[in-house]
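Chemist: Just data-v9.txt, nothing more (compact mmCIF, C-alpha atoms):
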# COMPACT_ATOMS: atom_id res chain seq x y z
CA MET A 1 0.00 0.00 0.00
CA THR A 2 1.35 3.42 -0.93
CA ARG A 3 2.27 5.56 2.05
CA PHE A 4 0.69 8.97 1.56
CA SER A 5 2.46 12.19 2.42
CA ALA A 6 2.90 13.55 5.91
CA SER A 7 0.08 14.95 8.01
CA PRO A 8 -0.27 18.74 8.35
CA HIS A 9 -0.51 18.35 12.15
CA PRO A 10 2.35 17.03 14.32
CA VAL A 11 0.08 14.98 16.59
CA LEU A 12 -3.03 14.05 14.65
CA GLY A 13 -3.00 12.55 11.16
CA ARG A 14 -4.73 14.63 8.46
CA ARG A 15 -7.68 12.28 8.22
CA ALA A 16 -8.08 11.92 12.00
CA LEU A 17 -7.77 15.67 12.42
CA LEU A 18 -10.47 16.47 9.87
CA LYS A 19 -12.71 13.73 11.20
CA ALA A 20 -12.44 15.16 14.71
CA ILE A 21 -13.15 18.68 13.53
CA VAL A 22 -16.11 17.80 11.32
CA ALA A 23 -17.53 15.58 14.07
CA GLY A 24 -17.84 18.66 16.20
CA ALA A 25 -14.56 19.03 18.09
CA GLY A 26 -13.89 22.59 19.13
CA VAL A 27 -10.66 24.53 18.90
CA ALA A 28 -9.49 23.35 22.30
CA ALA A 29 -9.83 19.72 21.19
CA VAL A 30 -7.18 20.18 18.51
CA PRO A 31 -3.98 21.36 20.26
CA GLY A 32 -1.58 23.37 18.20
CA LEU A 33 -4.11 24.32 15.52
CA ALA A 34 -5.58 27.68 16.45
CA ALA A 35 -8.63 29.08 14.73
CA CYS A 36 -7.60 31.41 11.94
CA GLY A 37 -10.25 34.00 12.77
CA SER A 38 -10.05 37.19 14.73
CA ASP A 39 -11.51 37.48 18.22
CA GLY A 40 -14.95 37.21 16.64
CA GLY A 41 -14.97 40.72 15.28
CA ALA A 42 -15.44 43.98 17.12
CA ALA A 43 -18.80 44.23 18.81
CA ALA A 44 -19.04 47.89 17.82
CA THR A 45 -21.58 48.61 15.10
CA ASP A 46 -19.07 50.79 13.23
CA ALA A 47 -16.71 47.89 12.45
CA VAL A 48 -16.85 44.65 10.43
CA SER A 49 -14.24 41.90 10.50
CA PHE A 50 -13.25 40.24 7.22
CA GLY A 51 -11.59 36.83 6.86
CA ASN A 52 -9.37 36.96 3.76
CA ASN A 53 -7.78 34.00 1.94
CA GLN A 54 -6.22 36.20 -0.77
CA SER A 55 -2.66 36.06 0.53
CA ASP A 56 -0.79 36.46 -2.77
CA GLN A 57 0.19 40.09 -3.26
CA VAL A 58 -1.85 40.91 -6.38
CA PRO A 59 -5.26 39.66 -5.15
CA LYS A 60 -4.49 40.83 -1.59
CA ASP A 61 -3.94 44.38 -2.86
CA ALA A 62 -7.06 44.09 -5.01
CA ILE A 63 -9.44 43.06 -2.21
CA THR A 64 -7.87 45.63 0.14
CA ALA A 65 -8.69 48.37 -2.39
CA VAL A 66 -12.30 47.17 -2.54
CA LEU A 67 -12.68 47.16 1.23
CA LYS A 68 -11.16 50.63 1.50
CA ALA A 69 -13.74 51.87 -1.01
CA PHE A 70 -16.49 50.27 1.10
CA GLU A 71 -15.17 52.07 4.18
CA GLY A 72 -15.37 55.36 2.33
CA GLU A 73 -18.95 54.78 1.18
CA SER A 74 -20.40 53.20 4.32
CA GLY A 75 -18.57 54.89 7.16
CA LEU A 76 -17.83 51.43 8.60
CA LYS A 77 -14.34 50.21 9.40
CA VAL A 78 -13.19 46.83 8.06
CA ALA A 79 -10.67 44.79 10.04
CA ILE A 80 -8.96 42.52 7.49
CA ASN A 81 -7.65 39.19 8.78
CA THR A 82 -5.49 37.63 6.04
CA LYS A 83 -4.29 34.02 6.21
CA GLN A 84 -2.09 32.12 3.76
CA HIS A 85 -4.40 30.63 1.13
CA GLU A 86 -3.76 26.91 1.64
CA GLN A 87 -3.63 27.29 5.44
CA TYR A 88 -7.00 29.07 5.34
CA GLN A 89 -8.54 26.16 3.44
CA GLU A 90 -7.01 23.52 5.74
CA GLN A 91 -8.30 25.29 8.86
CA ILE A 92 -11.74 26.37 7.62
CA ASN A 93 -13.66 23.79 9.70
CA ASN A 94 -11.90 24.85 12.88
CA TYR A 95 -12.21 28.52 11.98
CA LEU A 96 -15.98 28.35 11.47
CA GLN A 97 -16.51 26.52 14.76
CA GLY A 98 -14.35 28.96 16.69
CA LYS A 99 -14.74 32.73 16.44
CA PRO A 100 -14.79 33.48 12.72
CA ASP A 101 -14.84 36.92 11.18
CA ASP A 102 -18.17 38.52 10.31
CA VAL A 103 -17.64 38.10 6.56
CA LEU A 104 -15.27 35.54 5.09
CA SER A 105 -13.88 34.40 1.75
CA TRP A 106 -15.03 31.08 0.32
CA PHE A 107 -16.22 29.27 -2.82
CA ALA A 108 -19.48 28.28 -4.48
CA GLY A 109 -20.61 24.70 -4.94
CA TYR A 110 -20.38 21.59 -2.78
CA ARG A 111 -18.03 23.08 -0.18
CA MET A 112 -20.26 26.09 0.35
CA ARG A 113 -23.27 23.79 0.82
CA PHE A 114 -21.29 21.49 3.13
CA PHE A 115 -20.73 24.22 5.71
CA ALA A 116 -24.17 25.77 5.26
CA GLU A 117 -25.87 22.44 5.88
CA LYS A 118 -23.85 21.96 9.06
CA GLY A 119 -25.11 25.31 10.31
CA LEU A 120 -21.66 26.85 10.31
CA THR A 121 -22.46 29.87 8.10
CA GLY A 122 -25.17 32.52 8.00
CA ASP A 123 -28.32 32.66 5.87
CA LEU A 124 -27.96 35.38 3.22
CA SER A 125 -31.46 35.15 1.75
CA GLU A 126 -32.23 38.66 3.00
CA VAL A 127 -29.21 40.03 1.12
CA TRP A 128 -30.15 38.03 -1.98
CA SER A 129 -33.64 39.55 -1.97
CA LYS A 130 -31.91 42.88 -2.66
CA VAL A 131 -29.16 41.79 -5.07
CA SER A 132 -30.64 38.92 -7.11
CA GLY A 133 -31.34 41.20 -10.08
CA GLY A 134 -27.60 41.48 -10.64
CA TYR A 135 -26.97 37.75 -11.01
CA GLU A 136 -27.84 35.11 -13.57
CA PRO A 137 -29.97 32.20 -12.25
CA ALA A 138 -27.01 29.79 -12.44
CA LEU A 139 -25.05 31.93 -10.00
CA LYS A 140 -27.94 31.97 -7.55
CA GLU A 141 -28.19 28.20 -7.87
CA ALA A 142 -24.47 27.87 -7.13
CA SER A 143 -25.02 29.94 -3.96
CA THR A 144 -28.00 27.96 -2.68
CA ALA A 145 -27.96 25.05 -0.21
CA SER A 146 -30.39 22.14 -0.01
CA ASP A 147 -32.73 24.14 2.24
CA GLY A 148 -33.35 26.59 -0.61
CA LYS A 149 -31.56 29.45 1.14
CA GLN A 150 -28.53 31.34 -0.12
CA TYR A 151 -25.23 31.31 1.76
CA LEU A 152 -22.76 32.94 -0.63
CA ILE A 153 -22.38 36.21 -2.50
CA PRO A 154 -20.53 35.48 -5.79
CA PHE A 155 -17.73 37.91 -6.58
CA VAL A 156 -15.47 36.78 -9.42
CA GLN A 157 -15.22 33.78 -11.73
CA TYR A 158 -12.45 32.39 -13.91
CA PRO A 159 -12.01 29.51 -16.35
CA TRP A 160 -9.32 26.86 -16.36
CA GLY A 161 -7.62 26.24 -19.68
CA VAL A 162 -4.30 25.61 -21.39
CA PHE A 163 -2.35 28.89 -21.38
CA TYR A 164 0.46 29.83 -23.73
CA ARG A 165 2.43 32.79 -25.06
CA LYS A 166 1.25 33.81 -28.51
CA SER A 167 4.67 35.09 -29.56
CA VAL A 168 6.39 31.79 -28.69
CA TRP A 169 3.81 29.79 -30.63
CA GLN A 170 3.97 32.11 -33.63
CA GLN A 171 7.74 31.91 -33.68
CA ARG A 172 7.69 28.10 -33.55
CA GLY A 173 4.68 27.59 -35.79
CA TYR A 174 2.62 25.79 -33.14
CA GLU A 175 -1.15 25.39 -33.52
CA GLN A 176 -3.80 24.76 -30.89
CA PRO A 177 -4.41 21.02 -30.45
CA LYS A 178 -8.02 19.94 -30.81
CA THR A 179 -7.59 16.32 -29.65
CA LEU A 180 -5.46 14.35 -27.20
CA ASP A 181 -3.34 12.90 -30.02
CA GLU A 182 -2.68 16.42 -31.31
CA LEU A 183 -1.72 17.49 -27.78
CA VAL A 184 0.77 14.62 -27.54
CA ALA A 185 2.21 15.45 -30.98
CA LEU A 186 2.57 19.12 -30.05
CA SER A 187 4.21 18.23 -26.74
CA THR A 188 6.65 15.95 -28.54
CA LYS A 189 7.55 18.78 -30.92
CA MET A 190 8.03 21.22 -28.02
CA GLN A 191 10.36 18.76 -26.31
CA ALA A 192 12.41 18.47 -29.49
CA ASP A 193 12.56 22.28 -29.63
CA GLY A 194 14.07 22.42 -26.14
CA LEU A 195 10.94 23.54 -24.28
CA VAL A 196 9.20 22.01 -21.30
CA PRO A 197 5.90 21.16 -23.00
CA ILE A 198 3.63 21.52 -19.92
CA ALA A 199 4.58 23.64 -16.91
CA PHE A 200 3.51 21.87 -13.73
CA ALA A 201 3.53 22.48 -9.97
CA GLN A 202 2.04 20.52 -7.08
CA LYS A 203 3.73 21.77 -3.92
CA GLN A 204 0.52 23.47 -2.78
CA GLY A 205 -1.47 20.26 -3.20
CA TRP A 206 -4.33 21.48 -5.38
CA PRO A 207 -3.01 22.33 -8.90
CA GLY A 208 -2.91 18.66 -10.00
CA MET A 209 -6.60 18.39 -9.18
CA GLY A 210 -7.20 20.61 -12.20
CA THR A 211 -5.47 18.11 -14.46
CA PHE A 212 -7.50 15.25 -13.03
CA ASP A 213 -10.74 17.18 -13.54
CA GLN A 214 -10.00 18.03 -17.17
CA LEU A 215 -9.09 14.44 -18.03
CA ASN A 216 -12.06 12.97 -16.15
CA PHE A 217 -14.80 15.06 -17.71
CA ARG A 218 -13.19 14.93 -21.15
CA ILE A 219 -13.00 11.11 -20.98
CA ASN A 220 -16.09 10.23 -18.92
CA GLY A 221 -18.32 13.28 -19.22
CA TYR A 222 -19.79 15.84 -16.86
CA GLN A 223 -22.33 13.58 -15.12
CA PHE A 224 -19.81 10.88 -14.26
CA HIS A 225 -17.47 13.55 -12.92
CA VAL A 226 -20.17 15.06 -10.69
CA ASP A 227 -21.22 11.61 -9.45
CA LEU A 228 -17.62 10.62 -8.72
CA MET A 229 -17.14 13.79 -6.70
CA ALA A 230 -20.32 12.96 -4.74
CA GLY A 231 -19.09 9.46 -3.89
CA LYS A 232 -21.54 7.73 -6.22
CA GLU A 233 -18.91 6.15 -8.50
CA ASP A 234 -16.00 3.80 -7.81
CA TRP A 235 -12.48 5.25 -7.64
CA GLN A 236 -11.14 1.78 -8.46
CA GLY A 237 -13.40 1.33 -11.47
CA PRO A 238 -12.21 1.19 -15.10
CA LYS A 239 -13.35 4.73 -15.90
CA VAL A 240 -11.17 6.29 -13.22
CA ARG A 241 -8.28 4.02 -14.15
CA GLU A 242 -8.52 5.25 -17.74
CA VAL A 243 -8.15 8.82 -16.46
CA PHE A 244 -4.91 7.97 -14.68
CA ASP A 245 -3.63 5.85 -17.57
CA THR A 246 -4.17 8.84 -19.88
CA TRP A 247 -2.43 11.15 -17.42
CA LYS A 248 0.46 8.65 -17.21
CA ARG A 249 0.84 8.97 -20.98
CA LEU A 250 1.12 12.75 -20.58
CA LEU A 251 3.36 12.87 -17.47
CA PRO A 252 6.65 12.70 -19.43
CA PHE A 253 5.71 16.05 -20.99
CA HIS A 254 5.15 17.70 -17.60
CA GLN A 255 7.72 19.81 -15.79
CA GLU A 256 9.73 17.54 -13.50
CA ASN A 257 9.88 17.72 -9.69
CA ALA A 258 6.38 19.19 -9.46
CA LEU A 259 5.97 18.34 -5.77
CA GLY A 260 8.68 20.86 -4.92
CA ARG A 261 7.31 23.71 -7.04
CA GLU A 262 4.57 26.28 -6.37
CA TRP A 263 2.19 27.35 -9.13
CA GLN A 264 3.77 30.81 -9.34
CA GLU A 265 7.14 29.25 -10.20
CA ALA A 266 5.58 27.14 -12.95
CA ALA A 267 3.87 30.28 -14.29
CA GLN A 268 7.27 31.96 -14.47
CA ALA A 269 8.55 29.13 -16.67
CA LEU A 270 5.73 29.97 -19.09
CA GLN A 271 6.31 33.70 -18.76
CA GLN A 272 10.04 33.28 -19.49
CA GLY A 273 9.40 31.17 -22.58
CA LYS A 274 10.92 28.04 -21.05
CA ALA A 275 7.60 26.15 -21.07
CA GLY A 276 5.19 25.92 -23.98
CA MET A 277 1.89 25.41 -22.12
CA TYR A 278 0.40 25.55 -18.64
CA LEU A 279 -2.95 24.12 -17.51
CA LEU A 280 -4.27 26.47 -14.83
CA GLY A 281 -7.00 28.97 -14.02
CA SER A 282 -6.85 32.38 -15.63
CA PHE A 283 -5.37 33.73 -12.40
CA VAL A 284 -2.08 32.63 -13.97
CA ALA A 285 -2.19 36.11 -15.53
CA GLN A 286 -1.24 37.53 -12.13
CA GLN A 287 2.32 36.52 -12.99
CA PHE A 288 2.31 38.49 -16.27
CA LYS A 289 2.77 42.25 -16.62
CA GLY A 290 2.43 44.80 -19.44
CA PRO A 291 3.28 43.40 -22.89
CA ASP A 292 3.68 39.91 -21.40
CA LEU A 293 0.04 39.99 -20.29
CA ASP A 294 -1.09 40.97 -23.80
CA ASP A 295 0.91 37.99 -25.10
CA LEU A 296 -1.01 35.49 -22.95
CA ASP A 297 -3.76 33.36 -24.49
CA PHE A 298 -5.48 30.03 -23.78
CA PHE A 299 -7.75 27.34 -25.17
CA PRO A 300 -10.10 24.82 -23.50
CA TYR A 301 -8.57 21.42 -22.83
CA PRO A 302 -8.60 19.29 -26.02
CA GLU A 303 -11.22 16.67 -26.78
CA ILE A 304 -10.48 13.09 -25.71
CA ASN A 305 -13.84 11.32 -26.05
CA PRO A 306 -15.93 12.61 -29.01
CA GLU A 307 -19.10 11.79 -27.06
CA HIS A 308 -18.30 14.64 -24.67
CA GLY A 309 -16.10 16.85 -26.82
CA GLN A 310 -15.25 20.08 -24.99
CA ASP A 311 -18.69 20.57 -23.47
CA THR A 312 -17.49 21.07 -19.88
CA VAL A 313 -15.43 23.97 -18.55
CA GLU A 314 -13.97 24.32 -15.07
CA ALA A 315 -14.94 27.84 -13.98
CA PRO A 316 -14.80 28.28 -10.19
CA ILE A 317 -16.81 31.03 -8.50
CA ASP A 318 -15.13 32.86 -5.63
CA GLY A 319 -17.28 34.77 -3.19
CA PHE A 320 -18.05 35.54 0.42
CA MET A 321 -20.06 34.01 3.25
CA MET A 322 -21.24 35.36 6.59
CA SER A 323 -20.46 33.65 9.90
CA ARG A 324 -23.40 32.05 11.66
CA LYS A 325 -23.25 34.59 14.53
CA PRO A 326 -21.49 37.73 13.25
CA ALA A 327 -20.52 40.29 15.87
CA ASN A 328 -21.97 42.97 13.61
CA PRO A 329 -24.80 41.35 11.58
CA GLU A 330 -26.06 44.59 10.06
CA GLY A 331 -22.57 45.66 9.03
CA ALA A 332 -21.82 42.22 7.62
CA ARG A 333 -24.92 42.33 5.40
CA LYS A 334 -24.04 45.84 4.23
CA LEU A 335 -20.57 44.67 3.23
CA LEU A 336 -21.92 41.61 1.42
CA GLU A 337 -24.47 43.72 -0.45
CA TYR A 338 -21.65 46.06 -1.50
CA LEU A 339 -19.51 43.12 -2.70
CA SER A 340 -22.33 42.10 -5.06
CA THR A 341 -22.16 45.42 -6.94
CA PRO A 342 -20.47 45.95 -10.30
CA ALA A 343 -18.49 48.82 -8.76
CA ALA A 344 -16.90 46.57 -6.13
CA GLN A 345 -16.15 43.76 -8.56
CA LEU A 346 -14.70 46.03 -11.23
CA ALA A 347 -12.57 47.79 -8.61
CA TYR A 348 -11.10 44.41 -7.71
CA LEU A 349 -10.50 43.51 -11.35
CA LYS A 350 -8.77 46.81 -11.99
CA ALA A 351 -5.99 45.54 -9.73
CA ASP A 352 -6.34 41.88 -10.81
CA PRO A 353 -7.63 41.65 -14.40
CA SER A 354 -7.10 37.88 -14.56
CA GLN A 355 -10.75 37.11 -13.76
CA ILE A 356 -14.24 38.33 -14.66
CA PRO A 357 -17.03 39.78 -12.49
CA THR A 358 -20.05 37.69 -11.56
CA SER A 359 -22.47 40.63 -11.70
CA SER A 360 -24.50 40.65 -14.91
CA LYS A 361 -24.67 44.44 -14.64
CA ALA A 362 -20.91 44.96 -14.80
CA ASP A 363 -19.62 47.11 -17.67
CA THR A 364 -17.58 44.82 -19.93
CA SER A 365 -16.33 47.54 -22.30
CA GLY A 366 -13.00 47.72 -20.49
CA TYR A 367 -12.31 44.00 -20.64
CA THR A 368 -8.87 42.85 -21.71
CA ALA A 369 -8.63 40.31 -24.53
CA LEU A 370 -8.09 37.61 -21.91
CA GLN A 371 -11.23 38.62 -19.99
CA LYS A 372 -13.29 38.66 -23.20
CA LYS A 373 -12.08 35.16 -24.04
CA SER A 374 -12.74 33.94 -20.49
CA ALA A 375 -16.30 35.25 -20.58
CA GLN A 376 -16.96 33.65 -23.99
CA VAL A 377 -15.54 30.25 -23.00
CA ILE A 378 -17.73 30.18 -19.88
CA LYS A 379 -20.79 31.32 -21.85
CA ASP A 380 -20.29 28.63 -24.52
CA ALA A 381 -19.92 25.74 -22.05
CA ALA A 382 -22.77 23.28 -21.72
CA HIS A 383 -21.58 22.35 -18.21
CA ILE A 384 -19.63 24.22 -15.54
CA THR A 385 -17.67 22.59 -12.72
CA GLN A 386 -16.19 24.40 -9.74
CA PHE A 387 -12.96 22.44 -9.07
CA LEU A 388 -12.22 19.10 -7.41
CA ASP A 389 -11.64 20.51 -3.92
CA ARG A 390 -14.86 22.53 -4.18
CA ASP A 391 -17.04 19.86 -5.81
CA THR A 392 -16.51 17.12 -3.23
CA ASP A 393 -16.57 16.51 0.51
CA PRO A 394 -13.74 18.60 2.02
CA ARG A 395 -12.49 15.60 3.98
CA PHE A 396 -12.02 13.63 0.78
CA ALA A 397 -10.37 16.57 -1.01
CA SER A 398 -7.97 17.38 1.82
CA ASP A 399 -6.90 13.81 2.43
CA ALA A 400 -7.57 11.15 -0.19
CA ALA A 401 -7.48 13.36 -3.27
CA THR A 402 -4.48 15.49 -2.35
CA ASN A 403 -2.37 12.60 -1.10
CA GLY A 404 -3.49 10.20 -3.80
CA LEU A 405 -2.64 12.60 -6.63
CA ASN A 406 0.71 13.41 -5.04
CA ALA A 407 1.48 9.70 -4.75
CA PHE A 408 0.56 9.16 -8.40
CA ILE A 409 2.74 12.03 -9.60
CA GLN A 410 5.62 10.67 -7.54
CA ASN A 411 5.18 7.04 -8.56
CA PRO A 412 2.65 6.49 -11.39
CA ASP A 413 3.49 2.78 -11.55
CA ASP A 414 1.95 2.27 -8.10
CA LEU A 415 -1.53 3.00 -9.44
CA ASP A 416 -3.24 -0.10 -8.01
CA SER A 417 -2.45 0.74 -4.40
CA ILE A 418 -3.09 4.45 -4.93
CA LEU A 419 -6.59 3.86 -6.30
CA LYS A 420 -7.33 1.34 -3.56
CA GLY A 421 -6.37 3.92 -0.95
CA MET A 422 -8.57 6.58 -2.55
CA ALA A 423 -11.48 4.17 -3.00
CA ASP A 424 -11.30 2.94 0.61
CA GLN A 425 -11.32 6.49 1.97
CA ALA A 426 -14.16 7.50 -0.36
CA LYS A 427 -16.28 4.60 0.93
CA THR A 428 -15.63 5.60 4.52
CA ILE A 429 -16.25 9.32 4.04
CA PHE A 430 -19.31 9.13 1.80
CA SER A 431 -21.02 6.40 3.82
CA GLU A 432 -21.06 8.53 7.00
I need this file expressed as structure tokens, please.
Modeler:
Amino acid sequence: MTRFSASPHPVLGRRALLKAIVAGAGVAAVPGLAACGSDGGAAATDAVSFGNNQSDQVPKDAITAVLKAFEGESGLKVAINTKQHEQYQEQINNYLQGKPDDVLSWFAGYRMRFFAEKGLTGDLSEVWSKVSGGYEPALKEASTASDGKQYLIPFVQYPWGVFYRKSVWQQRGYEQPKTLDELVALSTKMQADGLVPIAFAQKQGWPGMGTFDQLNFRINGYQFHVDLMAGKEDWQGPKVREVFDTWKRLLPFHQENALGREWQEAAQALQQGKAGMYLLGSFVAQQFKGPDLDDLDFFPYPEINPEHGQDTVEAPIDGFMMSRKPANPEGARKLLEYLSTPAAQLAYLKADPSQIPTSSKADTSGYTALQKKSAQVIKDAAHITQFLDRDTDPRFASDAATNGLNAFIQNPDDLDSILKGMADQAKTIFSE
């Protein structure tokens, strides 16, 4: 049996830790892992606390500018509590059960519903009654839990795709691959030309999930992907094995030593012309400036199974939730209502133009070429997924998926034991 990577906690294993937290253990029950919130937010009605997972400099500066604008308009003060992005996600269960900030960053989809249905976040139906005219029905659906109430205010959205530098491709005579065989042929040509065909990084644990998602819904289709994420399909079955076998065929074209590299470093390989392609979300543009940004383009992942073509696009929705008992409920709702506005979203995108606003009322006339393409790709998709770690139970994403994918990347020939480990954990988690 493959030994998965080390636990994030020195005493408890990752799986035991998450099981304890989700089962209802409080902060004190998990020594050494403090809640990542503030002291619960100032009780004063002139202040709102804000839990921020945007720790990279570009998005951090962008959301800070938005919150400063809100302060100017509302007269309220915002206390920003920023935590490193991956740490924020690992500690979210503990954070929500401790003393979370009034308003906090999170994602649409399964993981939003997971916390809402456990009563760990606040009902935003009142806010939605005021802002629903600015959102398409699909965005409201993505913000709604099984009780029919809304628990998220969508803010920005971005597609995943295969990114490249137009100038490098023009110089080399490369053309966008439409099929898997064309992708392999192009990668072979790039290797012969002295390029790393596909930039790749997995130190942060989640980027490889994007590769798995693309391969799974291209091979097996949207519905199988959704069912697999919900624990309704077998991780040891032939369909999942085909995904990994296909990935194994592509691994020799990926940048080596991925487990020691962060996504920003892989993006720099693309930016510097050392890599020919990079599968990532459009936030990769945060690593490109000026003329380099204008040189960046992308295409949806190539077709593998003609039955499904390119009908599915990964396009995560980032937004904000409210804690279940905010210290300043009125101020929290005011901030969330403001974050739904085109003005707030466009102010953010002025500092970080790698994404697109979720408000249907936002002025698109100032879009960059990359934003226009992103919007069109999302609009043309028959199906939208959020991302593996947002579309499944957080316990499965944080443990089985992360460690299983890392083990596969490190030793793809150990696939039998890797899939058995993932399947066993899926059965345990999804049967609870």
Chemist: Give me, as JSON, numbers by chain, all polymer residues having an atom no more than 12 Å from stretch 327-332 of chain A, counting only C-alpha atoms and skipping those fewer than 6 positions away in the same chain.
Modeler: {"A": [38, 39, 40, 41, 42, 43, 44, 45, 46, 47, 48, 49, 50, 51, 70, 71, 74, 75, 76, 77, 78, 79, 99, 100, 101, 102, 103, 104, 122, 123, 124, 126, 127, 153, 320, 321, 338, 339]}
Chemist: Near A:Tyr278, within 6 Å and counting all atoms listed in the file, which residues show up once chain neighbours fewer than 5 positions away are dropped, as a ChimeraX atom specification?
Modeler: /A:162-163,198-199
Chemist: Please compute the atom CA of A:Met322-atom CA of A:Ala344 distance, one decimal, in Å.
Modeler: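 If I compute the distance from atom CA of A:Met322 to atom CA of A:Ala344, I get 17.5 Å.
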Chemist: Which residue, A:Leu183, A:Ile356, A:Leu152, A:Ile409, has the smallest gap to A:Gly260 when you use all atoms listed in the file?
Modeler: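 Distance minimum relative to A:Gly260 lands on A:Ile409.
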Chemist: Between A:Gln157, A:Gln271, A:Gln214, A:Gln176, single out the one closest to A:Ile378, counting all atoms listed in the file.
Modeler: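 Ranked by minimum distance to A:Ile378, first place goes to A:Gln157.
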Chemist: Could you list, as a CSV table (one decimal) with C-alpha atoms, in the frame of the given file, every residue within 12 Å of A:Lys289, counting only C-alpha atoms and ignoring same-chain residues fewer than 5 positions away?
Modeler:
chain,number,residue,atom,x,y,z
A,58,VAL,CA,-1.8,40.9,-6.4
A,268,GLN,CA,7.3,32.0,-14.5
A,271,GLN,CA,6.3,33.7,-18.8
A,272,GLN,CA,10.0,33.3,-19.5
A,284,VAL,CA,-2.1,32.6,-14.0
A,294,ASP,CA,-1.1,41.0,-23.8
A,295,ASP,CA,0.9,38.0,-25.1
A,296,LEU,CA,-1.0,35.5,-23.0
A,351,ALA,CA,-6.0,45.5,-9.7
A,352,ASP,CA,-6.3,41.9,-10.8
A,353,PRO,CA,-7.6,41.6,-14.4
A,354,SER,CA,-7.1,37.9,-14.6
Chemist: Would you mind telling me which residue in A:Tyr158, A:Gly276, A:Gln87, A:Leu405 lies nearest to A:Ala375 when using only C-alpha atoms?
Modeler: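 That would be A:Tyr158, the residue with the smallest distance to A:Ala375.
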Chemist: Determine, counting all atoms listed in the file, every residue of protein, DNA or RNA that lies within 6 Å of (-18.4, 30.9, 11.0) in the file coordinates, then give the result as number ranges by chain.
Modeler: A: 96, 100, 120-121, 323-324
Chemist: I need the residue nearest A:Gly221 from this list: A:Ala69, A:Ile80, A:Met112, A:Val243. Use all atoms listed in the file for the distance.
Modeler: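 Smallest separation from A:Gly221 among the options: A:Val243.
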Chemist: In Å, rounded to a single decimal, give me how far atom CA of A:Asp393 is from atom CA of A:Asp147.
Modeler: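 If I compute the distance from atom CA of A:Asp147 to atom CA of A:Asp393, I get 18.0 Å.
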Chemist: Considering all atoms listed in the file, state which residue in the set A:Phe114, A:Phe288, A:Tyr348, A:Phe244 is at the smallest distance from A:Leu67.
Modeler: A:Tyr348
Chemist: Using Å and a single decimal, report how far atom CA of A:Ser187 sits from atom CA of A:Leu250.
Modeler: 8.8 Å
Chemist: Which residue out of A:Glu242, A:Gly273, A:Ser105, A:Ser365 has the minimum interatomic distance to A:Gln171 when only C-alpha atoms are used?
Modeler: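 Checking each candidate against A:Gln171, we get A:Gly273 as the closest.
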Chemist: Need to verify the contact set: A:Gln264, 9 Å, all atoms listed in the file, exclusion of same-chain residues closer than 2 positions in sequence. Can you return it as a PyMOL selection string?
Modeler: chain A and resi 201+261-262+266-269+284+286-287
Chemist: With all atoms listed in the file as the counted atoms, please give the residues lying no more than 12 Å from stretch 229-234 of chain A, apart from itself and same-chain residues fewer than 6 positions off, as number ranges by chain.
Modeler: A: 109-111, 114, 209, 212-213, 216-217, 220, 222-223, 240-241, 385-397, 400-401, 419-432
